[in-house]
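*Asks:* Input file: data06.cif. Contents: mmCIF, C-alpha atoms.
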data_entry
loop_
_atom_site.group_PDB
_atom_site.id
_atom_site.type_symbol
_atom_site.label_atom_id
_atom_site.label_comp_id
_atom_site.auth_asym_id
_atom_site.auth_seq_id
_atom_site.Cartn_x
_atom_site.Cartn_y
_atom_site.Cartn_z
ATOM 1 C CA MET A 1 24.204 -3.768 143.874
ATOM 2 C CA VAL A 2 26.499 -4.986 141.083
ATOM 3 C CA GLU A 3 27.994 -8.444 141.592
ATOM 4 C CA PRO A 4 31.782 -8.125 142.105
ATOM 5 C CA SER A 5 33.955 -9.230 139.234
ATOM 6 C CA GLY A 6 36.283 -12.180 139.459
ATOM 7 C CA TRP A 7 39.168 -9.726 139.486
ATOM 8 C CA MET A 8 37.895 -7.880 142.539
ATOM 9 C CA ARG A 9 37.272 -11.177 144.314
ATOM 10 C CA GLN A 10 40.951 -11.988 143.761
ATOM 11 C CA VAL A 11 41.892 -8.582 145.144
ATOM 12 C CA ALA A 12 39.729 -9.195 148.209
ATOM 13 C CA ALA A 13 41.515 -12.504 148.780
ATOM 14 C CA ASP A 14 44.983 -10.970 148.246
ATOM 15 C CA PRO A 15 45.226 -7.181 148.729
ATOM 16 C CA ALA A 16 48.683 -7.188 147.101
ATOM 17 C CA HIS A 17 47.373 -8.858 143.937
ATOM 18 C CA SER A 18 46.980 -5.661 141.897
ATOM 19 C CA THR A 19 50.383 -4.266 142.814
ATOM 20 C CA LYS A 20 52.050 -7.550 141.872
ATOM 21 C CA TYR A 21 50.168 -7.562 138.560
ATOM 22 C CA ALA A 22 51.215 -4.004 137.693
ATOM 23 C CA ASP A 23 54.814 -4.682 138.695
ATOM 24 C CA ARG A 24 54.939 -7.819 136.535
ATOM 25 C CA PHE A 25 54.065 -5.870 133.409
ATOM 26 C CA ARG A 26 56.508 -3.121 134.348
ATOM 27 C CA ARG A 27 59.265 -5.736 134.547
ATOM 28 C CA LEU A 28 58.212 -7.291 131.236
ATOM 29 C CA ALA A 29 58.238 -3.923 129.495
ATOM 30 C CA ALA A 30 61.618 -3.039 131.009
ATOM 31 C CA SER A 31 63.046 -6.338 129.760
ATOM 32 C CA GLY A 32 62.006 -5.555 126.197
ATOM 33 C CA ALA A 33 59.099 -7.998 126.070
ATOM 34 C CA ASP A 34 56.297 -7.227 123.629
ATOM 35 C CA VAL A 35 53.426 -6.064 125.843
ATOM 36 C CA VAL A 36 51.533 -3.990 123.282
ATOM 37 C CA GLY A 37 50.543 -6.494 120.602
ATOM 38 C CA GLU A 38 46.867 -5.828 121.235
ATOM 39 C CA ALA A 39 47.441 -2.106 120.725
ATOM 40 C CA ARG A 40 49.091 -2.698 117.331
ATOM 41 C CA LEU A 41 45.983 -4.481 116.070
ATOM 42 C CA VAL A 42 43.710 -1.736 117.363
ATOM 43 C CA ASP A 43 45.910 0.948 115.810
ATOM 44 C CA ALA A 44 45.744 -0.823 112.439
ATOM 45 C CA MET A 45 41.936 -0.793 112.602
ATOM 46 C CA ALA A 46 41.562 2.800 113.715
ATOM 47 C CA PRO A 47 41.647 6.038 111.726
ATOM 48 C CA ARG A 48 44.458 8.413 112.642
ATOM 49 C CA GLY A 49 43.647 10.365 115.775
ATOM 50 C CA ALA A 50 40.807 8.029 116.665
ATOM 51 C CA ARG A 51 38.793 8.030 119.853
ATOM 52 C CA ILE A 52 39.549 4.755 121.655
ATOM 53 C CA LEU A 53 38.043 3.320 124.827
ATOM 54 C CA ASP A 54 40.255 0.883 126.736
ATOM 55 C CA ALA A 55 37.630 -1.083 128.659
ATOM 56 C CA GLY A 56 39.322 -2.828 131.543
ATOM 57 C CA SER A 57 42.472 -0.795 131.079
ATOM 58 C CA GLY A 58 44.510 -2.297 133.922
ATOM 59 C CA GLY A 59 47.894 -0.632 134.278
ATOM 60 C CA GLY A 60 47.499 1.239 131.010
ATOM 61 C CA ARG A 61 49.862 -0.671 128.733
ATOM 62 C CA ILE A 62 47.419 -0.767 125.779
ATOM 63 C CA GLY A 63 45.795 2.635 126.174
ATOM 64 C CA GLY A 64 49.125 4.257 126.930
ATOM 65 C CA HIS A 65 50.668 2.923 123.724
ATOM 66 C CA LEU A 66 47.674 4.005 121.662
ATOM 67 C CA HIS A 67 47.914 7.491 123.156
ATOM 68 C CA ARG A 68 51.573 7.684 122.160
ATOM 69 C CA LEU A 69 50.505 6.804 118.612
ATOM 70 C CA GLY A 70 48.290 9.887 118.537
ATOM 71 C CA HIS A 71 44.886 8.557 119.528
ATOM 72 C CA THR A 72 42.552 10.096 122.103
ATOM 73 C CA VAL A 73 42.247 7.416 124.772
ATOM 74 C CA VAL A 74 39.933 6.909 127.719
ATOM 75 C CA GLY A 75 40.691 3.964 129.996
ATOM 76 C CA VAL A 76 38.287 2.550 132.557
ATOM 77 C CA ASP A 77 39.106 -0.068 135.168
ATOM 78 C CA VAL A 78 37.394 -1.217 138.349
ATOM 79 C CA ASP A 79 40.684 -1.522 140.252
ATOM 80 C CA PRO A 80 41.927 1.805 141.702
ATOM 81 C CA VAL A 81 45.438 0.412 142.230
ATOM 82 C CA LEU A 82 45.748 -0.342 138.522
ATOM 83 C CA VAL A 83 44.283 3.029 137.567
ATOM 84 C CA ARG A 84 46.927 4.736 139.709
ATOM 85 C CA ALA A 85 49.609 2.641 137.997
ATOM 86 C CA ALA A 86 48.251 3.726 134.602
ATOM 87 C CA GLU A 87 48.341 7.382 135.658
ATOM 88 C CA GLU A 88 51.941 7.025 136.846
ATOM 89 C CA ASP A 89 53.300 4.990 133.952
ATOM 90 C CA HIS A 90 51.230 6.325 131.041
ATOM 91 C CA PRO A 91 50.296 9.999 131.456
ATOM 92 C CA GLY A 92 48.133 11.480 128.731
ATOM 93 C CA PRO A 93 45.007 9.352 128.456
ATOM 94 C CA THR A 94 42.010 9.934 130.689
ATOM 95 C CA TRP A 95 42.021 7.158 133.294
ATOM 96 C CA ILE A 96 38.800 6.483 135.213
ATOM 97 C CA THR A 97 38.078 4.106 138.089
ATOM 98 C CA GLY A 98 34.747 2.444 137.456
ATOM 99 C CA ASP A 99 32.907 -0.828 136.979
ATOM 100 C CA LEU A 100 32.192 -1.635 133.327
ATOM 101 C CA ALA A 101 28.777 -2.923 134.423
ATOM 102 C CA GLU A 102 27.947 0.686 135.315
ATOM 103 C CA LEU A 103 29.841 2.371 132.466
ATOM 104 C CA ASP A 104 28.389 5.823 131.827
ATOM 105 C CA LEU A 105 31.035 8.116 130.395
ATOM 106 C CA PRO A 106 28.647 11.019 129.707
ATOM 107 C CA ALA A 107 28.327 11.247 133.499
ATOM 108 C CA HIS A 108 32.080 12.025 133.468
ATOM 109 C CA GLY A 109 31.640 14.686 130.790
ATOM 110 C CA ILE A 110 32.806 12.363 127.980
ATOM 111 C CA LEU A 111 29.993 12.697 125.480
ATOM 112 C CA ASP A 112 31.335 11.504 122.128
ATOM 113 C CA PRO A 113 31.240 7.813 121.157
ATOM 114 C CA PHE A 114 34.375 5.846 120.313
ATOM 115 C CA ASP A 115 35.791 4.638 117.014
ATOM 116 C CA VAL A 116 37.201 1.542 118.706
ATOM 117 C CA VAL A 117 36.454 -0.050 122.062
ATOM 118 C CA VAL A 118 39.073 -2.590 123.118
ATOM 119 C CA SER A 119 38.761 -5.054 125.971
ATOM 120 C CA ALA A 120 41.888 -7.188 126.144
ATOM 121 C CA GLY A 121 43.789 -9.052 128.831
ATOM 122 C CA ASN A 122 40.998 -11.552 129.576
ATOM 123 C CA VAL A 123 38.812 -8.732 130.959
ATOM 124 C CA VAL A 124 35.529 -10.287 129.835
ATOM 125 C CA ALA A 125 36.453 -13.584 131.478
ATOM 126 C CA PHE A 126 36.705 -11.781 134.826
ATOM 127 C CA LEU A 127 33.224 -10.272 134.541
ATOM 128 C CA ALA A 128 30.651 -11.523 137.004
ATOM 129 C CA PRO A 129 28.268 -13.749 135.016
ATOM 130 C CA SER A 130 25.281 -11.629 135.993
ATOM 131 C CA THR A 131 26.893 -8.527 134.445
ATOM 132 C CA ARG A 132 28.191 -9.906 131.135
ATOM 133 C CA ARG A 133 25.342 -8.789 128.887
ATOM 134 C CA ASP A 134 25.069 -5.458 130.692
ATOM 135 C CA VAL A 135 28.764 -4.781 130.104
ATOM 136 C CA LEU A 136 28.555 -5.672 126.417
ATOM 137 C CA ALA A 137 25.467 -3.488 126.029
ATOM 138 C CA ARG A 138 27.273 -0.571 127.658
ATOM 139 C CA LEU A 139 30.291 -1.054 125.388
ATOM 140 C CA ARG A 140 27.899 -1.053 122.430
ATOM 141 C CA LYS A 141 26.267 2.155 123.697
ATOM 142 C CA HIS A 142 29.650 3.904 123.783
ATOM 143 C CA THR A 143 30.601 2.790 120.246
ATOM 144 C CA ALA A 144 30.150 5.049 117.224
ATOM 145 C CA PRO A 145 27.746 3.755 114.542
ATOM 146 C CA GLU A 146 30.673 2.799 112.275
ATOM 147 C CA GLY A 147 32.928 1.851 115.192
ATOM 148 C CA ARG A 148 34.036 -1.563 116.376
ATOM 149 C CA VAL A 149 34.439 -3.422 119.646
ATOM 150 C CA VAL A 150 37.430 -5.754 120.014
ATOM 151 C CA ILE A 151 37.395 -8.404 122.740
ATOM 152 C CA GLY A 152 40.191 -10.872 123.418
ATOM 153 C CA TYR A 153 40.462 -13.678 125.988
ATOM 154 C CA GLY A 154 41.487 -17.298 126.458
ATOM 155 C CA GLU A 155 39.350 -20.399 126.809
ATOM 156 C CA GLY A 156 38.932 -22.338 130.037
ATOM 157 C CA ARG A 157 37.933 -19.290 132.070
ATOM 158 C CA GLY A 158 34.266 -20.068 132.569
ATOM 159 C CA TYR A 159 32.959 -18.046 129.625
ATOM 160 C CA PRO A 160 32.764 -20.221 126.486
ATOM 161 C CA PHE A 161 33.363 -18.412 123.212
ATOM 162 C CA THR A 162 29.902 -19.367 121.951
ATOM 163 C CA GLU A 163 28.388 -17.665 124.987
ATOM 164 C CA VAL A 164 30.270 -14.385 124.602
ATOM 165 C CA LEU A 165 29.227 -14.210 120.961
ATOM 166 C CA ALA A 166 25.603 -14.907 121.905
ATOM 167 C CA ASP A 167 25.765 -12.280 124.657
ATOM 168 C CA ALA A 168 27.302 -9.818 122.218
ATOM 169 C CA GLU A 169 24.487 -10.408 119.736
ATOM 170 C CA ALA A 170 21.921 -9.859 122.477
ATOM 171 C CA ALA A 171 23.712 -6.585 123.263
ATOM 172 C CA GLY A 172 23.528 -5.421 119.647
ATOM 173 C CA LEU A 173 26.989 -6.465 118.444
ATOM 174 C CA VAL A 174 27.720 -8.838 115.573
ATOM 175 C CA PRO A 175 31.049 -10.279 114.370
ATOM 176 C CA ASP A 176 33.057 -8.635 111.625
ATOM 177 C CA VAL A 177 36.094 -10.892 112.055
ATOM 178 C CA LEU A 178 36.977 -13.700 114.451
ATOM 179 C CA LEU A 179 40.674 -14.323 115.082
ATOM 180 C CA SER A 180 42.628 -16.708 117.297
ATOM 181 C CA THR A 181 45.470 -14.294 118.101
ATOM 182 C CA TRP A 182 46.212 -10.589 118.182
ATOM 183 C CA ASP A 183 48.557 -11.096 115.200
ATOM 184 C CA LEU A 184 45.684 -11.967 112.857
ATOM 185 C CA ARG A 185 45.675 -15.749 112.765
ATOM 186 C CA PRO A 186 42.238 -17.108 111.812
ATOM 187 C CA PHE A 187 39.865 -18.472 114.427
ATOM 188 C CA ARG A 188 38.994 -22.171 114.308
ATOM 189 C CA THR A 189 36.614 -24.223 116.418
ATOM 190 C CA ASP A 190 39.565 -25.635 118.388
ATOM 191 C CA SER A 191 41.336 -22.282 118.905
ATOM 192 C CA PRO A 192 42.320 -21.720 122.554
ATOM 193 C CA PHE A 193 42.006 -17.923 122.261
ATOM 194 C CA LEU A 194 39.447 -15.607 120.709
ATOM 195 C CA VAL A 195 39.863 -12.088 119.372
ATOM 196 C CA ALA A 196 36.390 -10.996 118.309
ATOM 197 C CA VAL A 197 36.090 -7.853 116.189
ATOM 198 C CA LEU A 198 32.462 -6.804 116.543
ATOM 199 C CA ARG A 199 30.355 -4.031 115.044
ATOM 200 C CA PRO A 200 27.017 -2.514 116.001
ATOM 201 C CA ALA A 201 24.178 -4.484 114.448
#
As structure tokens, please, write out the structure in this file.
*Replies:*
Amino acid sequence: MVEPSGWMRQVAADPAHSTKYADRFRRLAASGADVVGEARLVDAMAPRGARILDAGSGGGRIGGHLHRLGHTVVGVDVDPVLVRAAEEDHPGPTWITGDLAELDLPAHGILDPFDVVVSAGNVVAFLAPSTRRDVLARLRKHTAPEGRVVIGYGEGRGYPFTEVLADAEAAGLVPDVLLSTWDLRPFRTDSPFLVAVLRPA
């Protein structure tokens, strides 16, 4: 049995957690806040009409925006409440409820690999430690040979940046570019946030 993620442990402790999370981003978007910065970076990296996997898609804010820009998007999230929110707020992409540690999109009839796999919103920091390398390996397996995997999360969440990069290498992914923000600021050893653009080794 797969160890539950930190996210699902929070949901178990507070059943309203997911609804509150989805509603917070709905309010932010309605207020005019920029909630799609991650999607702009991914769009800049991707060819037009790319195949994009939103790994840990939450309420669909990133995948939904990328779909509206003309990309073919599949979003996967372990939380069914957030997947329902994505379906309601961002129709168009294919939204799937599933654990990234068991990611197997061919089993859902999705056979082609992806030009870009994006995992934003601190998703990797919520992974159960025992599943981290498995998740990265599964993301690698779903990436096209010339594709890239983009992971972004903040420090102080129990998954040091050096460890995620080592786990990525063990999973067959090596860095193309390391950034400290989604708006392309360079990564430094004291950066509090990492955006790792990885490619298949």
*Asks:* Counting all atoms listed in the file, figure out which residue out of A:Thr143, A:Ser5, A:Ser31, A:Thr19 gets nearest to Thr131 of chain A.
*Replies:*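 Using all atoms listed in the file, Thr131 of chain A sits closest to A:Ser5.
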*Asks:* Starting from the PyMOL selection byres ((chain A and resi 35) around 10), expand the selection into actual residues of this file and give them as a list in words.
*Replies:*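 Applied to this file, the PyMOL selection byres ((chain A and resi 35) around 10) selects Phe25, Arg26, Leu28, Ala29, Gly32, Ala33, Asp34, Val36, Gly37, Glu38, Ala39, Arg61, Ile62 and His65 of chain A.
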*Asks:* Name the closest residue to Ser18 of chain A among the candidates A:His108, A:Arg84, A:Arg148, A:Arg133; distances are taken between atoms, counting only C-alpha atoms.
*Replies:*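 Checking each candidate against Ser18 of chain A, we get A:Arg84 as the closest.
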*Asks:* Which one of A:Gly147, A:Pro93, A:Pro129, A:Gly172 sits closest to Pro113 of chain A if you count all atoms listed in the file?
*Replies:*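 The shortest atom-to-atom distance to Pro113 of chain A comes from A:Gly147.
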*Asks:* What's the 12 Å shell around segment 14-17 of chain A, counting only C-alpha atoms, without same-chain residues fewer than 6 positions away, as a list in words?
*Replies:* Trp7, Met8, Asp23, Arg24, Asp79, Pro80, Val81 and Leu82 of chain A
*Asks:* Applying the PyMOL selection byres ((chain A and resi 46-59) around 8) to the file I just gave you, which residues come out? Please list them as a ChimeraX atom specification.
*Replies:* /A:22,42-45,60-63,70-79,82-86,89,100,113-120,123
*Asks:* Check which residues satisfy the PyMOL selection byres ((chain A and resi 124) around 12) in the file shown, then give them as a PyMOL selection string.
*Replies:* chain A and resi 5-7+55-57+100-101+118-123+125-129+131-136+139+150-155+157-161+163-165+167-168+194-196
*Asks:* Could you jot down the atom CA of Arg199 of chain A to atom CA of Val174 of chain A separation for me, Å, one decimal place?
*Replies:*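 Between these atoms lies a distance of 5.5 Å.
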*Asks:* Compile the contact shell of Leu179 of chain A as a ChimeraX atom specification: residues with an atom at most 10 Å away, counting all atoms listed in the file, same-chain residues fewer than 2 positions apart removed.
*Replies:* /A:152,177,181-188,191,193-197
*Asks:* Interatomic distance between atom CA of Gly92 of chain A and atom CA of Lys20 of chain A?
*Replies:*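 Interatomic distance, atom CA of Gly92 of chain A to atom CA of Lys20 of chain A: 23.5 Å.
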*Asks:* What gap, in Å, lies between atom CA of Leu198 of chain A and atom CA of Gln10 of chain A?
*Replies:* 29.0 Å
*Asks:* With distances taken over all atoms listed in the file, which residue among A:Ser130, A:Lys141, A:Glu87, A:Trp95 lies nearest Pro4 of chain A?
*Replies:*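 Using all atoms listed in the file, the shortest distance to Pro4 of chain A belongs to A:Ser130.
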